[in-house]
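Note sheet for the following structure.
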Amino acid sequence: GKNYVLMPFATQTGGYTYKVVAAYDSTQVFINGTLNTTILKKGQWIYQNVTTATPVCIKTDKAAYVVQYMKNGGANCNGLSSTNGDAAILIMPDVNQRLLKTIVGTATTSNMNKHWVNILIDKTAKKAVKLNGTFLASTNFTDIACGNYSFAQIAVNNPSSNIVECDSGCVVVAYGVGPYESYSYSAGALFENVEYDFTVARKGSCPSEPVTLT
C-alpha cells in the first residue's frame, strides 16, 4: 500500500518502533505529511523509534510495506510497569483496505492478563462503530492530528472473541501483554487492488450519465 496510520498500544507510554520497507526502487517516504527520505532500492527500509504514545501517518509515492513493533516490557522500554510486555510484530494494512466487519480473538494463555483492540476509522464515523453488536460511545475515539482519522483503544475480556463492525470501514488491531510476553496482529484487510490500471471519466453525477474507462 501507500497510505498507513500507526496507532499506539494502550498504556504503553514508551511508544513503539516501525519499519517502512520499499517494494520499488526510489520510494519517497512521507511521515506526518513531511518528506522524510527516499529509499533507493527495493527491499531496503527505514527504521523509526517513536518514543511517545502518538499515532503516525505514513505515505509513500510507490507501494511499500509498513511493519510496527511493540517494544520490550519495562518502564525504560514500552513504559509498562514491572515485567509486563515483550517485543511483538504487526504488519499493518493500508488504510484503504478497511473491513466493514471482522472478528478477533484474544491469545489465551495463563500468562497473558491484559488484552485490547485498536480501531481506526474516519473521523466522521465515531457513532457508527459496533463492538459485539453494541455501538461504542463516540467519546472512546481520539482524533489523529496527522490525518482525517480517529482511533479507539478498547480493553476486552480474556478469553473472548469480539466482533467489530463499521459501515464505512475500519482497521482493527488485536494485542495483549503479560509478564515477559505479548502478541499483536491485524484483524485482516480487504485486499482490494488499490493500484488500478484505468481511470474513470464522466460528465456529470446523474445515474444515466455515460462513463468512460481509459
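Every chain in the C-alpha cells has a letter given in the order shown (A, B, ...), and although residue numbers restart at 1 in each chain, ligands are simply numbered from 1 in the order shown.
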Near-segment 154-156 of chain A list (6 Å; only C-alpha atoms; drop same-chain fewer than 4 positions) as a ChimeraX atom specification: /A:115-117
Keeping only N, CA and C atoms, take the residues you just selected and write them out as a compact mmCIF listing (two decimals), in the first residue's frame.
# COMPACT_ATOMS: atom_id res chain seq x y z
N HIS A 115 -5.70 -7.37 27.53
CA HIS A 115 -5.99 -7.50 26.10
C HIS A 115 -6.79 -6.29 25.62
N TRP A 116 -6.48 -5.87 24.39
CA TRP A 116 -7.17 -4.72 23.79
C TRP A 116 -7.43 -4.95 22.31
N VAL A 117 -8.30 -4.11 21.76
CA VAL A 117 -8.39 -3.94 20.31
C VAL A 117 -8.27 -2.45 20.01
Within 6 Å of segment 27-34 of chain A using only C-alpha atoms, minus same-chain residues under 2 positions, as a PyMOL selection string: chain A and resi 25+36-39+57-62+146
Given the selection you just returned, output its residues as a file containing C-alpha atoms, formatted as an mmCIF file, in the first residue's frame.
data_model
loop_
_atom_site.group_PDB
_atom_site.id
_atom_site.type_symbol
_atom_site.label_atom_id
_atom_site.label_comp_id
_atom_site.auth_asym_id
_atom_site.auth_seq_id
_atom_site.Cartn_x
_atom_site.Cartn_y
_atom_site.Cartn_z
ATOM 1 C CA ASP A 25 13.365 1.484 -6.216
ATOM 2 C CA ASN A 36 11.427 12.072 5.423
ATOM 3 C CA THR A 37 13.636 10.191 2.982
ATOM 4 C CA THR A 38 13.869 8.346 -0.317
ATOM 5 C CA ILE A 39 14.579 4.617 -0.134
ATOM 6 C CA CYS A 57 0.773 8.771 9.405
ATOM 7 C CA ILE A 58 2.956 7.318 6.650
ATOM 8 C CA LYS A 59 2.545 7.839 2.921
ATOM 9 C CA THR A 60 4.748 6.627 0.082
ATOM 10 C CA ASP A 61 4.761 7.539 -3.597
ATOM 11 C CA LYS A 62 5.167 3.860 -4.524
ATOM 12 C CA CYS A 146 -1.805 13.851 11.023
#
A:Ser26, A:Ser182, A:Val20, A:Gly15: which is nearest Asn49 of chain A, counting only C-alpha atoms?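 Of A:Ser26, A:Ser182, A:Val20, A:Gly15, the one nearest Asn49 of chain A, counting only C-alpha atoms, is A:Gly15.
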Could you build a table of the residues in segment 137-197 of chain A lying no more than 7 Å from segment 84-89 of chain A, giving for each the nearest pair of atoms and their separation in Å rounded to one decimal place, using only C-alpha atoms, ordered by chain and ascending residue number, as a Markdown table?
| residue | atom | partner | partner_atom | distance |
| --- | --- | --- | --- | --- |
| A:Val177 | CA | A:Gly85 | CA | 4.8 |
| A:Gly178 | CA | A:Asn84 | CA | 4.8 |
| A:Pro179 | CA | A:Asn84 | CA | 4.3 |
| A:Tyr180 | CA | A:Asp86 | CA | 5.3 |
| A:Glu181 | CA | A:Asp86 | CA | 4.9 |
| A:Ser182 | CA | A:Asp86 | CA | 5.2 |
| A:Tyr183 | CA | A:Ala88 | CA | 5.5 |
| A:Ser184 | CA | A:Ala88 | CA | 6.2 |
Okay, now the selection with C-alpha atoms, as a short mmCIF file (atom, residue, chain, number, x, y, z; two decimals), in the first residue's frame?
data_model
loop_
_atom_site.label_atom_id
_atom_site.label_comp_id
_atom_site.auth_asym_id
_atom_site.auth_seq_id
_atom_site.Cartn_x
_atom_site.Cartn_y
_atom_site.Cartn_z
CA VAL A 177 0.56 -8.38 27.23
CA GLY A 178 1.61 -10.40 30.23
CA PRO A 179 4.84 -10.97 32.17
CA TYR A 180 7.61 -11.23 29.55
CA GLU A 181 5.04 -11.96 26.84
CA SER A 182 2.93 -10.18 24.23
CA TYR A 183 1.14 -10.58 20.91
CA SER A 184 -0.30 -8.33 18.22
#
Quick one: residues within 6 Å of segment 168-173 of chain A, only C-alpha atoms counted, chain neighbours fewer than 5 positions away excluded, as a count of residues only? 11
